[in-house]
Every structure is written in C-alpha cells, then in structure tokens.
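As stored in final.txt (compact mmCIF, C-alpha atoms):
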# COMPACT_ATOMS: atom_id res chain seq x y z
CA MET A 5 -51.81 59.27 14.09
CA SER A 6 -49.75 56.79 12.07
CA LYS A 7 -46.09 55.88 12.36
CA THR A 8 -43.75 54.20 9.92
CA LYS A 9 -42.46 50.74 10.78
CA PHE A 10 -39.61 49.12 8.89
CA CYS A 11 -40.19 45.58 7.68
CA ILE A 12 -38.81 42.50 6.01
CA CYS A 13 -40.54 40.36 3.40
CA GLN A 14 -41.83 36.95 4.41
CA CYS A 15 -39.82 35.39 1.58
CA PHE A 16 -36.60 35.99 3.55
CA PHE A 17 -37.54 32.96 5.64
CA THR A 18 -38.38 30.61 2.78
CA LYS A 19 -36.66 31.52 -0.49
CA ASN A 20 -33.16 31.65 -1.91
CA LEU A 21 -31.69 29.27 0.67
CA PHE A 22 -28.32 27.98 -0.48
CA VAL A 23 -27.29 24.32 -0.16
CA LYS A 24 -23.54 24.86 -0.23
CA GLN A 25 -22.45 21.26 -0.83
CA TYR A 26 -24.53 21.00 -3.99
CA LYS A 27 -24.39 24.68 -5.02
CA LEU A 28 -28.16 24.86 -5.19
CA HIS A 29 -30.56 27.68 -4.26
CA VAL A 30 -33.90 26.36 -3.02
CA THR A 31 -37.24 27.35 -1.57
CA TYR A 32 -38.04 25.65 1.73
CA LEU A 33 -41.60 25.72 3.08
CA ASN A 34 -41.68 22.34 4.79
CA ARG A 35 -40.16 18.87 4.56
CA GLY A 36 -42.76 17.48 2.15
CA GLN A 37 -42.58 20.39 -0.28
CA PHE A 38 -38.78 20.33 -0.31
CA LEU A 39 -38.46 16.59 -0.97
CA GLN A 40 -41.09 16.69 -3.68
CA GLU A 41 -39.49 19.61 -5.53
CA TYR A 42 -35.78 18.93 -5.07
CA SER A 43 -35.13 15.21 -4.49
CA GLU A 44 -34.61 14.47 -8.16
CA THR A 45 -32.28 17.45 -8.63
CA LEU A 46 -30.25 16.56 -5.53
CA HIS A 47 -29.92 12.94 -6.68
CA SER A 48 -28.59 14.19 -10.02
CA GLN A 49 -25.99 16.23 -8.10
CA GLY A 50 -24.78 13.14 -6.26
CA CYS A 51 -26.84 13.46 -3.07
CA SER A 52 -27.84 9.99 -1.88
CA ASP A 53 -30.06 11.21 0.95
CA PRO A 54 -31.99 14.48 0.36
CA GLU A 55 -33.44 14.13 3.89
CA ALA A 56 -29.98 14.91 5.26
CA VAL A 57 -30.12 18.40 3.75
CA ILE A 58 -33.24 19.38 5.69
CA SER A 59 -31.50 19.98 9.03
CA GLU A 60 -29.10 22.38 7.30
CA LEU A 61 -32.00 24.28 5.76
CA GLU A 62 -33.94 24.48 9.01
CA SER A 63 -30.87 25.83 10.79
CA GLU A 64 -30.58 28.53 8.14
CA VAL A 65 -34.27 29.42 8.49
CA THR A 66 -33.78 29.77 12.26
CA ARG A 67 -30.74 31.98 11.71
CA ARG A 68 -32.72 34.21 9.37
CA LYS A 69 -35.61 34.51 11.81
CA ASN A 70 -33.17 35.74 14.47
CA PHE A 71 -31.04 37.79 12.06
CA HIS A 72 -32.47 41.28 12.68
CA LYS A 73 -32.86 40.80 16.43
CA ASP A 74 -29.28 39.54 16.75
CA SER A 75 -28.00 42.36 14.53
CA TRP A 76 -29.67 44.99 16.70
CA SER A 77 -28.27 43.40 19.87
CA ARG A 78 -24.76 43.58 18.42
CA GLN A 79 -25.23 47.24 17.51
CA VAL A 80 -26.33 48.10 21.04
CA GLN A 81 -23.40 46.23 22.59
CA ILE A 82 -20.85 47.77 20.22
CA ALA A 83 -22.17 51.31 20.80
CA LYS A 84 -21.85 50.74 24.55
CA GLU A 85 -18.51 48.94 24.77
CA TYR A 86 -16.34 49.78 21.76
CA GLU A 87 -13.49 52.27 22.28
CA PRO A 88 -12.71 54.02 18.96
CA LEU A 89 -9.12 54.46 17.88
CA HIS A 90 -10.01 57.59 15.90
CA PRO A 91 -13.12 59.17 17.49
CA HIS A 92 -13.19 62.00 14.94
CA LEU A 93 -14.14 59.53 12.19
CA TYR A 94 -17.62 59.10 13.63
CA ARG A 95 -18.78 62.50 12.45
CA LEU A 96 -18.55 63.12 8.71
CA GLN A 97 -16.18 65.98 7.92
CA ARG A 98 -15.58 67.80 4.68
CA SER A 99 -11.85 67.06 4.93
CA PHE A 100 -12.58 63.33 4.47
CA LEU A 101 -13.92 63.95 0.97
CA ASP A 102 -11.99 64.29 -2.26
CA PRO A 103 -12.29 67.85 -3.65
CA LYS A 104 -13.65 66.42 -6.93
CA PHE A 105 -16.46 64.72 -5.03
CA ILE A 106 -17.34 67.97 -3.26
CA SER A 107 -17.50 69.70 -6.65
CA LEU A 108 -19.71 66.90 -7.99
CA VAL A 109 -22.11 67.23 -5.05
CA ASP A 110 -22.23 71.01 -5.44
CA LEU A 111 -23.06 70.59 -9.12
CA ALA A 112 -25.79 68.04 -8.34
CA LYS A 113 -27.35 70.47 -5.85
CA THR A 114 -27.34 73.35 -8.31
CA PRO A 115 -30.86 74.06 -9.63
CA GLY A 116 -31.23 73.23 -13.30
CA THR A 117 -28.31 70.78 -13.48
CA THR A 118 -29.09 68.02 -15.96
CA VAL A 119 -28.20 64.34 -15.92
CA GLU A 120 -26.04 64.95 -18.99
CA GLU A 121 -24.03 67.61 -17.15
CA LEU A 122 -23.45 65.29 -14.21
CA SER A 123 -22.43 62.44 -16.50
CA LYS A 124 -19.68 64.59 -18.00
CA VAL A 125 -17.88 64.91 -14.65
CA MET A 126 -18.08 61.19 -13.89
CA LYS A 127 -16.27 58.40 -15.69
CA GLN A 128 -18.74 56.14 -17.49
CA HIS A 129 -17.59 52.54 -17.89
CA GLN A 130 -20.68 51.15 -19.58
CA GLN A 131 -24.39 51.85 -19.54
CA ARG A 132 -25.65 52.64 -16.00
CA MET A 133 -22.18 52.42 -14.41
CA TYR A 134 -20.03 55.34 -13.25
CA SER A 135 -16.97 56.04 -11.11
CA PHE A 136 -15.70 59.16 -9.38
CA PRO A 137 -13.37 60.09 -6.48
CA VAL A 138 -15.12 60.01 -3.09
CA PHE A 139 -12.58 59.96 -0.23
CA THR A 140 -9.03 61.20 0.19
CA SER A 141 -6.30 58.56 0.52
CA GLU A 142 -5.55 59.91 4.01
CA PHE A 143 -9.11 59.21 5.13
CA CYS A 144 -8.98 55.69 3.64
CA GLN A 145 -5.80 54.88 5.58
CA THR A 146 -7.22 56.21 8.85
CA PHE A 147 -10.52 54.41 8.31
CA LEU A 148 -8.69 51.12 7.68
CA SER A 149 -6.77 51.44 10.93
CA GLU A 150 -10.10 51.96 12.71
CA LEU A 151 -11.51 48.83 11.06
CA THR A 152 -8.45 46.84 12.12
CA ASN A 153 -8.86 48.08 15.67
CA PHE A 154 -12.48 46.92 15.70
CA GLU A 155 -11.73 43.54 14.10
CA GLU A 156 -9.09 42.88 16.75
CA SER A 157 -11.49 43.73 19.58
CA PRO A 158 -13.39 40.93 21.41
CA LEU A 159 -16.75 42.43 20.45
CA PRO A 160 -19.16 40.40 18.27
CA LYS A 161 -19.04 40.94 14.53
CA GLY A 162 -21.76 40.51 11.94
CA ARG A 163 -21.87 40.51 8.18
CA PRO A 164 -24.58 42.25 6.13
CA ASN A 165 -27.41 40.43 4.40
CA THR A 166 -26.54 41.32 0.82
CA MET A 167 -29.21 39.18 -0.83
CA ASN A 168 -31.97 41.67 -0.24
CA ARG A 169 -30.27 45.03 -0.76
CA TYR A 170 -31.13 45.65 -4.39
CA GLY A 171 -31.13 49.36 -5.17
CA VAL A 172 -28.13 51.50 -6.04
CA THR A 173 -24.68 50.57 -4.78
CA LEU A 174 -21.62 52.74 -4.24
CA ASN A 175 -18.48 50.62 -3.87
CA VAL A 176 -15.47 52.60 -2.62
CA ALA A 177 -11.93 51.14 -2.64
CA LEU A 178 -10.10 51.71 0.64
CA ASN A 179 -6.69 50.31 -0.33
CA ASP A 180 -4.61 49.31 -3.32
CA ASP A 181 -1.83 47.17 -1.81
CA TYR A 182 -3.04 43.89 -3.31
CA TYR A 183 -2.65 42.14 -6.63
CA ASP A 184 -5.33 41.12 -9.14
CA GLY A 185 -8.91 40.88 -7.83
CA GLU A 186 -10.44 42.94 -10.63
CA ILE A 187 -14.14 43.75 -10.19
CA TYR A 188 -16.34 42.58 -13.04
CA PHE A 189 -19.85 43.51 -14.17
CA GLY A 190 -22.34 41.74 -16.40
CA PRO A 191 -25.98 42.26 -17.38
CA MET A 192 -28.90 43.22 -15.17
CA ARG A 193 -30.53 40.21 -13.53
CA THR A 194 -33.53 40.57 -15.87
CA GLU A 195 -31.31 40.60 -18.98
CA GLU A 196 -29.65 37.84 -20.95
CA SER A 197 -26.13 38.67 -22.07
CA SER A 198 -22.67 37.14 -21.89
CA LYS A 199 -20.90 40.52 -21.96
CA VAL A 200 -18.70 41.14 -18.93
CA THR A 201 -16.73 44.30 -18.13
CA GLY A 202 -13.73 44.29 -15.80
CA ILE A 203 -12.66 47.34 -13.78
CA ALA A 204 -9.48 47.85 -11.75
CA HIS A 205 -10.50 49.68 -8.57
CA GLN A 206 -8.55 52.72 -7.32
CA ILE A 207 -8.14 53.86 -3.73
CA GLY A 208 -10.73 56.44 -2.69
CA VAL A 209 -12.73 56.01 -5.91
CA GLY A 210 -16.35 54.88 -5.84
CA LEU A 211 -18.12 52.72 -8.42
CA LEU A 212 -21.81 53.56 -8.72
CA HIS A 213 -24.07 50.89 -10.21
CA ARG A 214 -27.44 49.23 -9.94
CA ALA A 215 -27.29 46.44 -7.36
CA GLN A 216 -29.38 44.22 -9.65
CA GLN A 217 -26.50 44.22 -12.11
CA MET A 218 -24.54 40.98 -12.00
CA HIS A 219 -21.16 41.67 -10.42
CA GLY A 220 -18.35 40.04 -8.52
CA ALA A 221 -14.60 40.06 -7.97
CA LEU A 222 -11.83 37.89 -9.38
CA PRO A 223 -9.47 36.10 -6.95
CA ILE A 224 -6.72 38.13 -5.30
CA SER A 225 -3.25 36.64 -5.79
CA GLU A 226 -1.63 38.58 -2.94
CA GLY A 227 -2.76 40.92 -0.18
CA ILE A 228 -6.22 41.83 1.13
CA ARG A 229 -8.74 44.11 -0.55
CA TYR A 230 -10.90 46.43 1.59
CA ASN A 231 -14.02 48.13 0.24
CA LEU A 232 -16.68 50.34 1.77
CA ILE A 233 -20.08 49.35 0.34
CA LEU A 234 -23.01 51.75 0.56
CA TRP A 235 -26.47 50.43 -0.37
CA MET A 236 -29.06 53.06 -1.31
CA ARG A 237 -32.68 52.02 -1.77
CA SER A 238 -36.18 53.45 -2.07
CA SER A 239 -38.79 52.08 0.33
CA ALA A 240 -41.58 53.40 -1.92
CA ILE A 241 -40.32 51.33 -4.85
CA ARG A 242 -39.41 48.34 -2.71
CA ASN A 243 -42.88 48.25 -1.14
CA GLU A 244 -44.33 47.54 -4.59
CA LEU A 245 -41.99 44.70 -5.57
CA CYS A 246 -39.71 42.59 -3.41
CA PRO A 247 -36.34 42.27 -5.22
CA MET A 248 -35.75 38.79 -3.81
CA CYS A 249 -39.03 37.04 -4.66
CA ASN A 250 -40.16 39.40 -7.47
CA GLU A 251 -43.63 39.63 -5.93
CA LYS A 252 -45.65 42.12 -3.93
CA PRO A 253 -43.97 41.79 -0.52
CA THR A 254 -45.70 40.19 2.45
CA LEU A 255 -44.48 42.57 5.16
CA ILE A 256 -43.34 41.60 8.64
CA PRO A 257 -42.42 44.57 10.90
CA VAL A 258 -39.15 44.50 12.84
CA GLU A 259 -38.87 45.84 16.37
CA ASN A 260 -35.66 47.81 15.80
CA GLY A 261 -33.50 48.93 12.91
CA PHE A 262 -34.44 49.29 9.26
CA GLY A 263 -35.29 45.70 8.37
CA ASP A 264 -34.75 45.21 4.64
CA GLY A 265 -36.02 48.66 3.71
CA PHE A 266 -39.72 47.86 3.37
CA THR A 267 -42.11 50.12 5.28
CA VAL A 268 -45.68 50.06 6.52
CA ASN A 269 -47.71 52.76 8.24
CA GLU A 270 -49.28 51.64 11.49
CA VAL A 271 -52.06 53.57 13.19
CA ASP A 272 -51.47 54.42 16.85
CA ILE A 273 -54.90 53.56 18.28
CA CYS A 274 -54.23 55.52 21.46
CA CYS A 275 -53.81 58.70 19.41
CA ALA A 276 -56.57 58.02 16.92
CA SER A 277 -59.75 60.05 17.28
Encoding of this model in structure tokens:
Amino acid sequence: MSKTKFCICQCFFTKNLFVKQYKLHVTYLNRGQFLQEYSETLHSQGCSDPEAVISELESEVTRRKNFHKDSWSRQVQIAKEYEPLHPHLYRLQRSFLDPKFISLVDLAKTPGTTVEELSKVMKQHQQRMYSFPVFTSEFCQTFLSELTNFEESPLPKGRPNTMNRYGVTLNVALNDDYYDGEIYFGPMRTEESSKVTGIAHQIGVGLLHRAQQMHGALPISEGIRYNLILWMRSSAIRNELCPMCNEKPTLIPVENGFGDGFTVNEVDICCAS
C-alpha cells in the first residue's frame, strides 16, 4: 500500500536567496561557489567585502530549513490556544458569499457549461485575468475584526512563503478605506513585455490570475489595505516542473502540512505483500 507525502523542492534551500542590501537574488551552495560567482557583481554594487554577505545567506538557509517545521508548530499552538472572536467564521457558510458568486459557481457546476459562458459572467481585464464578487461586505468586515483580534493576541505569527506558490491566485479585497495602492499586472514571467495594467480593487471582489504573471501593488498614501490571498495549485503539474528553479524537482518530504505542493507516493513496507 502506498501513501502520498507532501514535499518541498531541494532548490528552496539554495536558490533565489535575496541579499537585501544589494538587491540581488543569488544561488548559495557553499562559500567557494558563492564568492566565485558573485564577488565581481557585489563589488560593482559597492560591496567591499563579499565574505561579509555569507553569514546573512547562511542564516537564511537555516531559516528555510526550519520553515515548515516552525510553521506546523505555530499552527498546532494556535489551534490549541487561540480564542476566536467570531467562532462562526471557522465554518464556511453560504451567507458569507456574494449572490453573484453563488450563481457563478452554480453555472460552473452545470454540465455542458463552456469557458466562453463562464467568461461572460466575469469581468475580463486583460488576457488570463478576471474579477468577480466573492464575499459580502458584511463578511469582510467581520473577518477583518477577527484578523485584528488574532494580530493583537500574544500568539506567534508567521507569513507565507510566496516565492514557491505559482499556480492560480485569487486575490480578494477585504476593505476599501485606504487611498491609492492600485494593483498592477504585467507579462507572464516567461514573456517579455513592458505593458502594465492597473486595477483598483473593490471590497469583496476577487481578482483571478496566474501567479506566474508579474504583479504588485503601488504605495498606499493613507490607510491600510487588507487582502485575502488564495493560492490554488496542481501537484501533478508541479511534480513535473518546479516553478522556482524551472527544473524537475528534487523532492524532500515534510513531516506535516502540505510542503510546497509537491507530492511523492511512498510504499508502506509493513502493508506490502
């Protein structure tokens, strides 16, 4: 009998490390490799001693090696100790959803519905990018108060590893009491184009796009913007090509959680005949 184990790719420990002071992404395998490949570039950026960067990189590698274990420990502690302000939020209810989203889901579940029919009930901003209402404004307000309650608690907080979540992204605006901060989109990471599209987000509305599409947000002049980000990915596709190193992934199983979405089937020897 086999069981599915979630994994990360080995490249998470070695590639796409960011040297903040010099705004440089690097690969770090060992001291010799790093100095040979990046000393000249660092010198050109004003770094007088590339050796001094190594301790920063090794600290980041250590953090990444402990990332999934630490994340799981936080989840266990939060599940045990956190006291919700709105307990009803922790079970999805139909009343949370905008009626237009419910209609969209019903249409998508209807046998014979075509992509063209679905596209007509979503707003298309440019190729491969759509928006549609997802949550009611009442839900967004209640959800934000729950987030504030958690942020003000003494429990540990973590931030997601966004570097390795390529797939499809749904970005839902939870508030609108801020100024500026328009979201912008450019080409896919495999494309060359200078075209950029800006979109003003609306409360409760979700933007659906490929995560490999270049995107970001302009500075906010006043207030705070809150967004709920949902990453959707296919392990079957991801197992063929790691989106971070663009190679067949070298898989490392994680003990708990979903890793970075890669999977491997392991044979349970005790059950094998």
List the neighbours of region 157-161 of chain A out to 12 Å using all atoms listed in the file; skip same-chain residues closer than 2 positions along the sequence, and give me the result as a short mmCIF file (atom, residue, chain, number, x, y, z; two decimals) with C-alpha atoms, in the coordinates of the input.
data_model
loop_
_atom_site.label_atom_id
_atom_site.label_comp_id
_atom_site.auth_asym_id
_atom_site.auth_seq_id
_atom_site.Cartn_x
_atom_site.Cartn_y
_atom_site.Cartn_z
CA ASP A 74 -29.28 39.54 16.75
CA SER A 75 -28.00 42.36 14.53
CA TRP A 76 -29.67 44.99 16.70
CA SER A 77 -28.27 43.40 19.87
CA ARG A 78 -24.76 43.58 18.42
CA GLN A 79 -25.23 47.24 17.51
CA VAL A 80 -26.33 48.10 21.04
CA GLN A 81 -23.40 46.23 22.59
CA ILE A 82 -20.85 47.77 20.22
CA ALA A 83 -22.17 51.31 20.80
CA LYS A 84 -21.85 50.74 24.55
CA GLU A 85 -18.51 48.94 24.77
CA TYR A 86 -16.34 49.78 21.76
CA GLU A 87 -13.49 52.27 22.28
CA PRO A 88 -12.71 54.02 18.96
CA LEU A 89 -9.12 54.46 17.88
CA GLU A 150 -10.10 51.96 12.71
CA LEU A 151 -11.51 48.83 11.06
CA THR A 152 -8.45 46.84 12.12
CA ASN A 153 -8.86 48.08 15.67
CA PHE A 154 -12.48 46.92 15.70
CA GLU A 155 -11.73 43.54 14.10
CA ARG A 163 -21.87 40.51 8.18
CA PRO A 164 -24.58 42.25 6.13
#
So that I can see what lies close to region 96-108 of chain A, please list as a list in words the residues with an atom at most 6 Å from it, counting all atoms listed in the file and leaving out residues fewer than 3 positions away in the same chain. Leu111, Pro137, Val138, Phe139, Thr140 and Phe143 of chain A
Pick out the residues sitting within 9 Å of region 213-223 of chain A, and hand them over as a PDB file with C-alpha atoms, in the frame of the given file; count only C-alpha atoms, and ignore anything fewer than 4 positions along from it in its own chain.
ATOM      1  CA  ARG A 132     -25.650  52.640 -16.000  1.00  0.00           C
ATOM      2  CA  MET A 133     -22.180  52.420 -14.410  1.00  0.00           C
ATOM      3  CA  TYR A 134     -20.030  55.340 -13.250  1.00  0.00           C
ATOM      4  CA  SER A 135     -16.970  56.040 -11.110  1.00  0.00           C
ATOM      5  CA  ARG A 169     -30.270  45.030  -0.760  1.00  0.00           C
ATOM      6  CA  TYR A 170     -31.130  45.650  -4.390  1.00  0.00           C
ATOM      7  CA  GLY A 171     -31.130  49.360  -5.170  1.00  0.00           C
ATOM      8  CA  VAL A 172     -28.130  51.500  -6.040  1.00  0.00           C
ATOM      9  CA  THR A 173     -24.680  50.570  -4.780  1.00  0.00           C
ATOM     10  CA  LEU A 174     -21.620  52.740  -4.240  1.00  0.00           C
ATOM     11  CA  ASN A 175     -18.480  50.620  -3.870  1.00  0.00           C
ATOM     12  CA  ASP A 184      -5.330  41.120  -9.140  1.00  0.00           C
ATOM     13  CA  GLY A 185      -8.910  40.880  -7.830  1.00  0.00           C
ATOM     14  CA  GLU A 186     -10.440  42.940 -10.630  1.00  0.00           C
ATOM     15  CA  ILE A 187     -14.140  43.750 -10.190  1.00  0.00           C
ATOM     16  CA  TYR A 188     -16.340  42.580 -13.040  1.00  0.00           C
ATOM     17  CA  PHE A 189     -19.850  43.510 -14.170  1.00  0.00           C
ATOM     18  CA  GLY A 190     -22.340  41.740 -16.400  1.00  0.00           C
ATOM     19  CA  PRO A 191     -25.980  42.260 -17.380  1.00  0.00           C
ATOM     20  CA  MET A 192     -28.900  43.220 -15.170  1.00  0.00           C
ATOM     21  CA  ARG A 193     -30.530  40.210 -13.530  1.00  0.00           C
ATOM     22  CA  THR A 194     -33.530  40.570 -15.870  1.00  0.00           C
ATOM     23  CA  VAL A 200     -18.700  41.140 -18.930  1.00  0.00           C
ATOM     24  CA  GLY A 202     -13.730  44.290 -15.800  1.00  0.00           C
ATOM     25  CA  TRP A 235     -26.470  50.430  -0.370  1.00  0.00           C
ATOM     26  CA  PRO A 247     -36.340  42.270  -5.220  1.00  0.00           C
TER      27      PRO A 247
END
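You will find CA of Asn179 (chain A) at 26.1 Å from CA of Arg237 (chain A).
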Compile the contact shell of Thr66 (chain A) as an NGL selection string: residues with an atom at most 12 Å away, counting only C-alpha atoms, same-chain residues fewer than 6 positions apart removed. :A and (16-18 or 21 or 59-60 or 72-74)
One-decimal distance in Å that lies between CA of Glu251 (chain A) and CA of Glu270 (chain A): 21.9 Å
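Note that the spacing between CA of Leu232 (chain A) and CA of Leu93 (chain A) amounts to 14.1 Å.
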